[in-house]
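Trainee: Sharing work-v8.pdb below, PDB, C-alpha atoms and all ligand atoms:
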```pdb
ATOM      1  CA  MET A   1     -18.250  -5.411 -16.952
ATOM      2  CA  ASN A   2     -21.426  -6.739 -15.424
ATOM      3  CA  ILE A   3     -24.171  -4.678 -17.074
ATOM      4  CA  SER A   4     -27.720  -5.510 -16.074
ATOM      5  CA  LYS A   5     -30.711  -4.762 -18.225
ATOM      6  CA  VAL A   6     -34.184  -3.981 -16.986
ATOM      7  CA  THR A   7     -36.761  -4.201 -19.717
ATOM      8  CA  GLY A   8     -39.717  -1.891 -19.932
ATOM      9  CA  LYS A   9     -42.409  -0.757 -22.303
ATOM     10  CA  TYR A  10     -40.931   2.664 -22.604
ATOM     11  CA  ASN A  11     -37.773   2.208 -24.643
ATOM     12  CA  ASN A  12     -37.487   5.126 -27.032
ATOM     13  CA  HIS A  13     -34.566   6.563 -25.058
ATOM     14  CA  LYS A  14     -31.331   4.840 -24.244
ATOM     15  CA  VAL A  15     -31.002   5.054 -20.474
ATOM     16  CA  PHE A  16     -27.806   3.982 -18.728
ATOM     17  CA  LEU A  17     -27.195   4.233 -14.997
ATOM     18  CA  TYR A  18     -23.950   4.172 -13.064
ATOM     19  CA  THR A  19     -24.887   3.104  -9.563
ATOM     20  CA  LEU A  20     -23.479   1.791  -6.301
ATOM     21  CA  SER A  21     -24.912  -1.375  -4.791
ATOM     22  CA  THR A  22     -24.811   0.302  -1.365
ATOM     23  CA  CYS A  23     -26.556   3.527  -2.346
ATOM     24  CA  VAL A  24     -30.170   3.996  -1.406
ATOM     25  CA  TRP A  25     -30.642   6.889  -3.844
ATOM     26  CA  CYS A  26     -29.441   4.643  -6.660
ATOM     27  CA  LYS A  27     -32.007   2.057  -5.621
ATOM     28  CA  MET A  28     -34.719   4.693  -5.634
ATOM     29  CA  THR A  29     -33.729   5.826  -9.111
ATOM     30  CA  LYS A  30     -33.932   2.264 -10.412
ATOM     31  CA  GLN A  31     -37.288   1.830  -8.723
ATOM     32  CA  TYR A  32     -38.593   5.090 -10.172
ATOM     33  CA  LEU A  33     -37.661   3.992 -13.688
ATOM     34  CA  LYS A  34     -39.231   0.572 -13.090
ATOM     35  CA  ASP A  35     -42.410   2.169 -11.776
ATOM     36  CA  ASN A  36     -42.596   4.189 -14.971
ATOM     37  CA  SER A  37     -41.765   1.121 -17.101
ATOM     38  CA  VAL A  38     -38.691   2.757 -18.534
ATOM     39  CA  GLU A  39     -36.206   0.350 -20.062
ATOM     40  CA  PHE A  40     -32.679   0.854 -18.771
ATOM     41  CA  GLU A  41     -29.297  -0.661 -18.202
ATOM     42  CA  TYR A  42     -27.110  -0.208 -15.155
ATOM     43  CA  VAL A  43     -23.805  -1.175 -13.677
ATOM     44  CA  ASP A  44     -22.966  -1.217  -9.968
ATOM     45  CA  VAL A  45     -19.575   0.491 -10.030
ATOM     46  CA  ASP A  46     -18.504  -0.657  -6.549
ATOM     47  CA  LEU A  47     -18.734  -4.274  -7.710
ATOM     48  CA  CYS A  48     -16.597  -3.730 -10.827
ATOM     49  CA  THR A  49     -12.980  -4.709 -11.302
ATOM     50  CA  GLU A  50     -10.411  -1.948 -10.842
ATOM     51  CA  GLU A  51      -9.853  -1.876 -14.578
ATOM     52  CA  ASP A  52     -13.520  -1.366 -15.307
ATOM     53  CA  LYS A  53     -13.782   1.301 -12.615
ATOM     54  CA  GLU A  54     -11.119   3.275 -14.395
ATOM     55  CA  LYS A  55     -12.931   2.937 -17.739
ATOM     56  CA  ILE A  56     -16.141   4.060 -16.094
ATOM     57  CA  ARG A  57     -14.463   7.067 -14.532
ATOM     58  CA  ARG A  58     -13.213   8.191 -17.938
ATOM     59  CA  THR A  59     -16.580   7.608 -19.570
ATOM     60  CA  ILE A  60     -18.463   9.614 -16.967
ATOM     61  CA  GLN A  61     -15.981  12.459 -16.943
ATOM     62  CA  ASP A  62     -15.744  12.566 -20.753
ATOM     63  CA  LYS A  63     -19.475  13.094 -20.864
ATOM     64  CA  GLY A  64     -19.118  15.972 -18.444
ATOM     65  CA  GLY A  65     -20.550  14.119 -15.455
ATOM     66  CA  SER A  66     -19.248  14.222 -11.933
ATOM     67  CA  LEU A  67     -18.322  11.075 -10.066
ATOM     68  CA  SER A  68     -21.499  11.041  -8.011
ATOM     69  CA  TYR A  69     -24.100   8.316  -7.874
ATOM     70  CA  PRO A  70     -26.437   7.655  -9.399
ATOM     71  CA  THR A  71     -25.292   9.102 -12.712
ATOM     72  CA  THR A  72     -27.897   8.642 -15.406
ATOM     73  CA  ILE A  73     -26.937   9.037 -19.046
ATOM     74  CA  VAL A  74     -29.767   9.507 -21.478
ATOM     75  CA  ASP A  75     -29.173   8.835 -25.172
ATOM     76  CA  ASP A  76     -25.417   8.815 -24.626
ATOM     77  CA  LYS A  77     -25.260  12.530 -24.021
ATOM     78  CA  LYS A  78     -27.504  13.984 -21.366
ATOM     79  CA  VAL A  79     -26.045  13.490 -17.896
ATOM     80  CA  ILE A  80     -28.185  13.592 -14.755
ATOM     81  CA  THR A  81     -26.430  13.467 -11.407
ATOM     82  CA  GLY A  82     -28.323  12.148  -8.412
ATOM     83  CA  PHE A  83     -31.918  10.979  -8.093
ATOM     84  CA  ARG A  84     -33.632  13.929  -9.738
ATOM     85  CA  LYS A  85     -37.203  13.044 -10.620
ATOM     86  CA  ASP A  86     -37.719  16.429 -12.223
ATOM     87  CA  LEU A  87     -34.754  16.090 -14.566
ATOM     88  CA  LEU A  88     -35.511  12.449 -15.367
ATOM     89  CA  LYS A  89     -39.092  13.336 -16.184
ATOM     90  CA  GLU A  90     -37.989  16.094 -18.494
ATOM     91  CA  ALA A  91     -35.271  14.088 -20.242
ATOM     92  CA  LEU A  92     -37.444  11.016 -20.700
ATOM     93  CA  GLU A  93     -40.618  12.966 -21.418
ATOM     94  CA  LEU A  94     -42.532  11.063 -18.752
TER      95      LEU A  94
ATOM     96  CA  MET B  95     -18.585  -9.404  11.536
ATOM     97  CA  THR B  96     -20.592  -9.104  14.654
ATOM     98  CA  HIS B  97     -22.322  -5.791  14.282
ATOM     99  CA  THR B  98     -25.889  -5.645  13.058
ATOM    100  CA  ILE B  99     -28.007  -3.066  11.269
ATOM    101  CA  GLU B 100     -29.460  -2.236  14.655
ATOM    102  CA  GLN B 101     -26.000  -1.468  16.027
ATOM    103  CA  THR B 102     -25.188   0.616  12.978
ATOM    104  CA  ARG B 103     -28.348   2.618  13.582
ATOM    105  CA  LYS B 104     -27.680   3.023  17.301
ATOM    106  CA  ARG B 105     -24.204   4.326  16.577
ATOM    107  CA  ALA B 106     -25.562   6.855  14.077
ATOM    108  CA  GLU B 107     -28.265   7.896  16.524
ATOM    109  CA  ALA B 108     -25.767   8.451  19.315
ATOM    110  CA  ASP B 109     -23.590  10.463  16.988
ATOM    111  CA  ALA B 110     -26.501  12.591  15.825
ATOM    112  CA  LYS B 111     -27.347  13.342  19.427
ATOM    113  CA  THR B 112     -23.810  14.384  20.284
ATOM    114  CA  PHE B 113     -23.763  16.899  17.455
ATOM    115  CA  GLY B 114     -27.342  18.116  17.795
ATOM    116  CA  TYR B 115     -28.502  16.502  14.555
ATOM    117  CA  PHE B 116     -31.289  14.034  13.790
ATOM    118  CA  LEU B 117     -31.467  10.948  11.624
ATOM    119  CA  VAL B 118     -33.669  11.397   8.592
ATOM    120  CA  ASN B 119     -37.326  10.989   9.419
ATOM    121  CA  ASP B 120     -38.159   8.469   6.702
ATOM    122  CA  ALA B 121     -38.039   4.837   7.771
ATOM    123  CA  GLU B 122     -37.412   3.406   4.313
ATOM    124  CA  LEU B 123     -34.627   5.827   3.491
ATOM    125  CA  LEU B 124     -33.027   5.329   6.897
ATOM    126  CA  GLN B 125     -33.148   1.558   6.541
ATOM    127  CA  GLY B 126     -31.566   1.764   3.085
ATOM    128  CA  LEU B 127     -28.768   3.980   4.378
ATOM    129  CA  MET B 128     -28.082   1.666   7.310
ATOM    130  CA  GLU B 129     -27.941  -1.344   4.994
ATOM    131  CA  GLY B 130     -25.443   0.434   2.766
ATOM    132  CA  LEU B 131     -23.269   1.407   5.722
ATOM    133  CA  LYS B 132     -23.302  -2.125   7.035
ATOM    134  CA  ILE B 133     -22.359  -3.605   3.659
ATOM    135  CA  ASN B 134     -19.418  -1.208   3.464
ATOM    136  CA  GLU B 135     -18.320  -1.973   6.993
ATOM    137  CA  ASP B 136     -18.402  -5.693   6.248
ATOM    138  CA  ARG B 137     -16.646  -5.174   2.942
ATOM    139  CA  TYR B 138     -13.925  -2.708   3.883
ATOM    140  CA  GLY B 139     -13.711  -2.968   7.638
ATOM    141  CA  TYR B 140     -14.976   0.585   8.128
ATOM    142  CA  PRO B 141     -18.354   2.182   7.447
ATOM    143  CA  SER B 142     -17.538   4.279   4.410
ATOM    144  CA  CYS B 143     -20.233   6.481   2.948
ATOM    145  CA  PRO B 144     -22.896   4.373   1.213
ATOM    146  CA  CYS B 145     -23.430   7.014  -1.472
ATOM    147  CA  ARG B 146     -19.792   7.318  -2.493
ATOM    148  CA  LEU B 147     -17.354   4.973  -4.163
ATOM    149  CA  ALA B 148     -14.722   3.835  -1.693
ATOM    150  CA  SER B 149     -11.261   2.725  -2.717
ATOM    151  CA  GLY B 150     -10.916   0.109  -0.015
ATOM    152  CA  GLU B 151      -7.706   1.824   1.077
ATOM    153  CA  PHE B 152      -8.215   3.245   4.510
ATOM    154  CA  SER B 153      -5.967   6.266   4.027
ATOM    155  CA  PHE B 154      -7.782   7.278   0.821
ATOM    156  CA  ASP B 155     -11.219   6.715   2.305
ATOM    157  CA  ARG B 156     -10.669   8.337   5.664
ATOM    158  CA  ASP B 157     -12.552  11.505   4.732
ATOM    159  CA  ILE B 158     -15.663   9.508   3.726
ATOM    160  CA  ILE B 159     -15.947   7.249   6.739
ATOM    161  CA  CYS B 160     -19.333   7.979   8.233
ATOM    162  CA  PRO B 161     -19.764  10.533   9.701
ATOM    163  CA  CYS B 162     -17.659  11.984   6.923
ATOM    164  CA  ASP B 163     -15.597  15.172   6.926
ATOM    165  CA  TYR B 164     -18.254  16.853   4.795
ATOM    166  CA  ARG B 165     -21.202  16.277   7.078
ATOM    167  CA  ASP B 166     -20.831  19.288   9.325
ATOM    168  CA  PRO B 167     -20.365  21.871   6.578
ATOM    169  CA  ASP B 168     -23.193  20.258   4.559
ATOM    170  CA  VAL B 169     -25.646  20.216   7.453
ATOM    171  CA  ALA B 170     -24.701  23.830   8.163
ATOM    172  CA  GLU B 171     -25.270  24.877   4.557
ATOM    173  CA  TYR B 172     -28.059  22.570   3.317
ATOM    174  CA  GLY B 173     -29.586  21.200   6.519
ATOM    175  CA  THR B 174     -28.498  17.662   5.680
ATOM    176  CA  CYS B 175     -25.456  15.612   4.712
ATOM    177  CA  TYR B 176     -24.715  14.391   1.181
ATOM    178  CA  CYS B 177     -26.521  11.038   1.701
ATOM    179  CA  ARG B 178     -29.289  12.766   3.649
ATOM    180  CA  LEU B 179     -28.814  10.582   6.710
ATOM    181  CA  TYR B 180     -28.111  13.389   9.167
ATOM    182  CA  VAL B 181     -30.543  16.282   9.123
ATOM    183  CA  ASN B 182     -31.161  19.400  11.161
ATOM    184  CA  LYS B 183     -34.235  20.025  13.289
ATOM    185  CA  ASP B 184     -36.260  21.856  10.635
ATOM    186  CA  ILE B 185     -35.923  19.040   8.146
ATOM    187  CA  TYR B 186     -36.535  16.419  10.820
ATOM    188  CA  GLU B 187     -39.762  18.134  11.806
ATOM    189  CA  GLY B 188     -40.822  18.467   8.201
ATOM    190  CA  LYS B 189     -40.710  22.267   8.237
ATOM    191  CA  LYS B 190     -38.278  22.130   5.365
ATOM    192  CA  GLU B 191     -37.987  19.694   2.487
ATOM    193  CA  LEU B 192     -35.075  17.345   2.179
ATOM    194  CA  PRO B 193     -32.879  19.002  -0.468
ATOM    195  CA  SER B 194     -30.319  17.517  -2.870
ATOM    196  CA  VAL B 195     -26.815  18.174  -1.659
ATOM    197  CA  PRO B 196     -24.021  18.700  -4.177
ATOM    198  CA  GLU B 197     -20.822  16.725  -3.674
ATOM    199  CA  ARG B 198     -18.355  18.706  -1.602
ATOM    200  CA  ARG B 199     -15.614  16.102  -1.708
ATOM    201  CA  PRO B 200     -12.892  17.374  -4.048
ATOM    202  CA  ILE B 201     -12.801  15.630  -7.416
ATOM    203  CA  ALA B 202      -9.144  14.665  -6.968
ATOM    204  CA  LYS B 203     -10.086  12.670  -3.884
ATOM    205  CA  GLN B 204     -13.042  11.066  -5.636
ATOM    206  CA  ALA B 205     -10.847  10.042  -8.523
ATOM    207  CA  ARG B 206      -8.473   8.260  -6.170
ATOM    208  CA  ALA B 207     -11.185   5.717  -5.408
ATOM    209  CA  PHE B 208     -11.002   4.652  -9.030
ATOM    210  CA  GLN B 209      -7.272   4.585  -9.209
ATOM    211  CA  ALA B 210      -6.082   3.393  -5.827
ATOM    212  CA  ALA B 211      -5.607  -0.241  -6.656
ATOM    213  CA  SER B 212      -5.437  -0.133 -10.428
ATOM    214  CA  THR B 213      -2.945   2.485 -11.527
ATOM    215  CA  PRO B 214       0.679   1.635 -11.258
ATOM    216  CA  LYS B 215       2.594   4.699 -10.114
ATOM    217  CA  PRO B 216       3.372   6.777 -13.199
ATOM    218  CA  ALA B 217       6.956   6.463 -14.299
ATOM    219  CA  GLN B 218       9.188   9.374 -13.481
ATOM    220  CA  LYS B 219       8.737  11.961 -16.188
ATOM    221  CA  LYS B 220      11.733  13.146 -18.053
ATOM    222  CA  GLU B 221      12.347  16.824 -17.783
ATOM    223  CA  ASN B 222      10.857  19.056 -20.475
ATOM    224  CA  GLU B 223       8.644  16.248 -21.611
ATOM    225  CA  PRO B 224       4.976  17.180 -21.845
ATOM    226  CA  PRO B 225       2.757  14.893 -19.775
ATOM    227  CA  ALA B 226       1.030  12.163 -21.747
ATOM    228  CA  ALA B 227      -2.723  12.572 -22.052
ATOM    229  CA  GLU B 228      -3.347   9.526 -19.887
ATOM    230  CA  GLU B 229      -1.398  11.091 -17.086
ATOM    231  CA  ARG B 230      -3.493  14.199 -16.971
ATOM    232  CA  GLU B 231      -5.268  13.164 -13.809
ATOM    233  CA  GLU B 232      -2.644  11.106 -12.125
ATOM    234  CA  LEU B 233      -2.919  10.087  -8.525
ATOM    235  CA  VAL B 234      -2.683  12.925  -6.124
ATOM    236  CA  GLU B 235      -0.226  11.928  -3.493
ATOM    237  CA  LEU B 236      -1.475  11.748   0.050
ATOM    238  CA  ILE B 237       0.721  13.665   2.439
ATOM    239  CA  PRO B 238      -0.536  14.028   5.996
ATOM    240  CA  LYS B 239       0.504  17.137   7.863
ATOM    241  CA  LEU B 240       0.167  18.479  11.374
ATOM    242  CA  TRP B 241      -2.540  21.086  11.902
ATOM    243  CA  TYR B 242      -3.512  22.983  14.993
ATOM    244  CA  CYS B 243      -6.592  24.947  15.899
ATOM    245  CA  LYS B 244      -5.636  28.485  16.808
ATOM    246  CA  GLN B 245      -8.744  28.799  18.922
ATOM    247  CA  CYS B 246      -8.419  25.811  21.261
ATOM    248  CA  GLY B 247      -5.063  24.232  20.501
ATOM    249  CA  TYR B 248      -6.433  20.952  19.154
ATOM    250  CA  VAL B 249      -3.793  19.207  17.040
ATOM    251  CA  VAL B 250      -4.491  16.745  14.251
ATOM    252  CA  PHE B 251      -2.292  14.830  11.798
ATOM    253  CA  ARG B 252      -4.043  14.465   8.473
ATOM    254  CA  GLU B 253      -4.085  15.581   4.871
ATOM    255  CA  ASP B 254      -6.260  18.677   5.260
ATOM    256  CA  PRO B 255      -7.472  20.519   8.310
ATOM    257  CA  PRO B 256     -11.029  19.579   9.348
ATOM    258  CA  TYR B 257     -13.874  21.769   8.113
ATOM    259  CA  VAL B 258     -14.897  22.330  11.694
ATOM    260  CA  CYS B 259     -12.783  21.819  14.822
ATOM    261  CA  PRO B 260     -14.251  18.799  16.633
ATOM    262  CA  ILE B 261     -13.392  20.326  19.996
ATOM    263  CA  CYS B 262     -14.342  23.997  19.835
ATOM    264  CA  LYS B 263     -16.259  24.108  16.498
ATOM    265  CA  ALA B 264     -13.960  26.752  15.051
ATOM    266  CA  LYS B 265     -14.004  26.961  11.247
ATOM    267  CA  LYS B 266     -11.335  25.492   8.988
ATOM    268  CA  GLU B 267      -9.717  28.911   8.600
ATOM    269  CA  MET B 268      -8.683  28.765  12.256
ATOM    270  CA  PHE B 269      -6.338  25.867  11.501
ATOM    271  CA  THR B 270      -2.689  26.458  10.770
ATOM    272  CA  GLU B 271      -0.138  23.977   9.584
ATOM    273  CA  ILE B 272       2.574  23.179  12.088
ATOM    274  CA  LYS B 273       5.871  23.135  10.306
ATOM    275  CA  THR B 274       8.427  21.171  12.216
ATOM    276  CA  LYS B 275      12.110  20.915  11.577
ATOM    277  CA  VAL B 276      13.972  17.810  12.509
ATOM    278  CA  LYS B 277      17.636  18.264  13.184
ATOM    279  CA  PHE B 278      19.999  15.399  12.933
ATOM    280  CA  PHE B 279      23.149  15.406  15.006
ATOM    281  CA  SER B 280      26.007  13.249  14.104
TER     282      SER B 280
HETATM  283  S1  LIG C   1     -22.745  11.919   3.649
HETATM  284 FE1  LIG C   1     -23.890  11.415   5.508
HETATM  285  S2  LIG C   1     -24.192   9.200   5.383
HETATM  286 FE2  LIG C   1     -22.569   9.693   3.914
HETATM  287  S3  LIG C   1     -20.704   9.449   5.142
HETATM  288 FE3  LIG C   1     -21.268  11.601   5.285
HETATM  289  S4  LIG C   1     -22.435  11.712   7.159
HETATM  290 FE4  LIG C   1     -22.359   9.560   6.595
END
```
Could you show the structure in this file as structure tokens?
Mentor:
Amino acid sequence: MNISKVTGKYNNHKVFLYTLSTCVWCKMTKQYLKDNSVEFEYVDVDLCTEEDKEKIRRTIQDKGGSLSYPTTIVDDKKVITGFRKDLLKEALEL
Amino acid sequence: MTHTIEQTRKRAEADAKTFGYFLVNDAELLQGLMEGLKINEDRYGYPSCPCRLASGEFSFDRDIICPCDYRDPDVAEYGTCYCRLYVNKDIYEGKKELPSVPERRPIAKQARAFQAASTPKPAQKKENEPPAAEEREELVELIPKLWYCKQCGYVVFREDPPYVCPICKAKKEMFTEIKTKVKFFS
């Protein structure tokens, strides 16, 4: 699985994003985190192999997420669906 | 492929006009959406929704080819579609904020995008055997049916009836399945 890492000063939370390379809201979420120097990792699901897609589907659904993009997972448990500045701010204490 | 971003935008504009919608009034967002649509059209051969995972199988993705099946009910309910490309007049004019739109596409259909190419068809289950955990969410089979609009007579062959009749704008409830019987003579 091709996981990319974006480093940032603010790294006290583990932030993982499931995104689509075609999705403008995913891009905005990445940009928002960058602008706030939040460290995060992401994977563009549409560019994954079929096998990895299936793994990702199970991971997201096991964590109670829906299959919408972007899906942000904070500290392996908190799931945020969509580009929600308000929820990101709260979860990351920005 | 020969089409350009400009053509993608023109097509969306023409479609918005036909249905009395507008394209989102935010140049950056609009450009991003057009780029996503174009990438998908180049990749799959049809402009599937840039904000949703496509399977690459036309029959599984048909409901999310832009403009998707969910646009009309979403614009009616939220003033904009799921990706926020198409908006109503109030949002276009800035009288209302662009809201988040929850996913209306049924989860079973979303899951198919993950499974279409990867999952071999589950083996026939033996009777009285409980389903294995892995099979919990097995592929939902796609069975197109004939539907007709009781209001205007429009007939369509697809999995579900449309949310809104494209001809007379009647709601989904106005659609009835046409059950046909085929007799074989020997
Ligand atoms: S949600 Fe909007 S942009 Fe996405 S396919 Fe539907 S109409 Fe097109």
Trainee: Can you tell me, as number ranges by chain, what residues are no more than 7 Å from Val118 in chain B when counting all atoms listed in the file, ignoring any on the same chain fewer than 2 positions away?
Mentor: B: 116, 120, 124, 178-181, 186
Trainee: Could you list the protein, DNA and RNA residues that have any atom within 6 Å of ligand LIG 1 (chain C), counting all atoms listed in the file, and write them as a list in words?
Mentor: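 Within the 6 Å cut-off, the matching residues are Cys143, Pro144, Ile158, Ile159, Cys160, Pro161, Cys162, Arg165, Cys175, Tyr176, Cys177, Arg178, Leu179 and Tyr180 of chain B.
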Trainee: Quick one: write out the picked residues with C-alpha atoms as a short mmCIF file (atom, residue, chain, number, x, y, z; two decimals), in the frame of the given file?
Mentor:
```cif
data_model
loop_
_atom_site.label_atom_id
_atom_site.label_comp_id
_atom_site.auth_asym_id
_atom_site.auth_seq_id
_atom_site.Cartn_x
_atom_site.Cartn_y
_atom_site.Cartn_z
CA CYS B 143 -20.23 6.48 2.95
CA PRO B 144 -22.90 4.37 1.21
CA ILE B 158 -15.66 9.51 3.73
CA ILE B 159 -15.95 7.25 6.74
CA CYS B 160 -19.33 7.98 8.23
CA PRO B 161 -19.76 10.53 9.70
CA CYS B 162 -17.66 11.98 6.92
CA ARG B 165 -21.20 16.28 7.08
CA CYS B 175 -25.46 15.61 4.71
CA TYR B 176 -24.72 14.39 1.18
CA CYS B 177 -26.52 11.04 1.70
CA ARG B 178 -29.29 12.77 3.65
CA LEU B 179 -28.81 10.58 6.71
CA TYR B 180 -28.11 13.39 9.17
#
```
Trainee: Identify, on the basis of only C-alpha atoms, every residue whose closest approach to Gln204 in chain B does not exceed 8 Å; exclude the query and any residue fewer than 4 positions from it along the same chain; express the result as a list in words.
Mentor: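 Near Gln204 in chain B, the qualifying residues are Leu67 of chain A; Leu147, Arg199, Pro200 and Phe208 of chain B.
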Trainee: Counting all atoms listed in the file, which residues from chain A have an atom at most 12 Å from any atom of chain B, and could you show them as a PyMOL selection string?
Mentor: chain A and resi 18-28+44-58+60-61+65-71+81-86
Trainee: Applying 10 Å and all atoms listed in the file, which residues near range 252-267 of chain B remain after dropping the ones on its own chain fewer than 2 positions away? List them as JSON, numbers by chain.
Mentor: {"B": [113, 153, 154, 156, 157, 163, 164, 165, 166, 167, 235, 236, 237, 238, 239, 240, 241, 242, 243, 244, 245, 246, 247, 248, 249, 250, 269, 270, 271]}
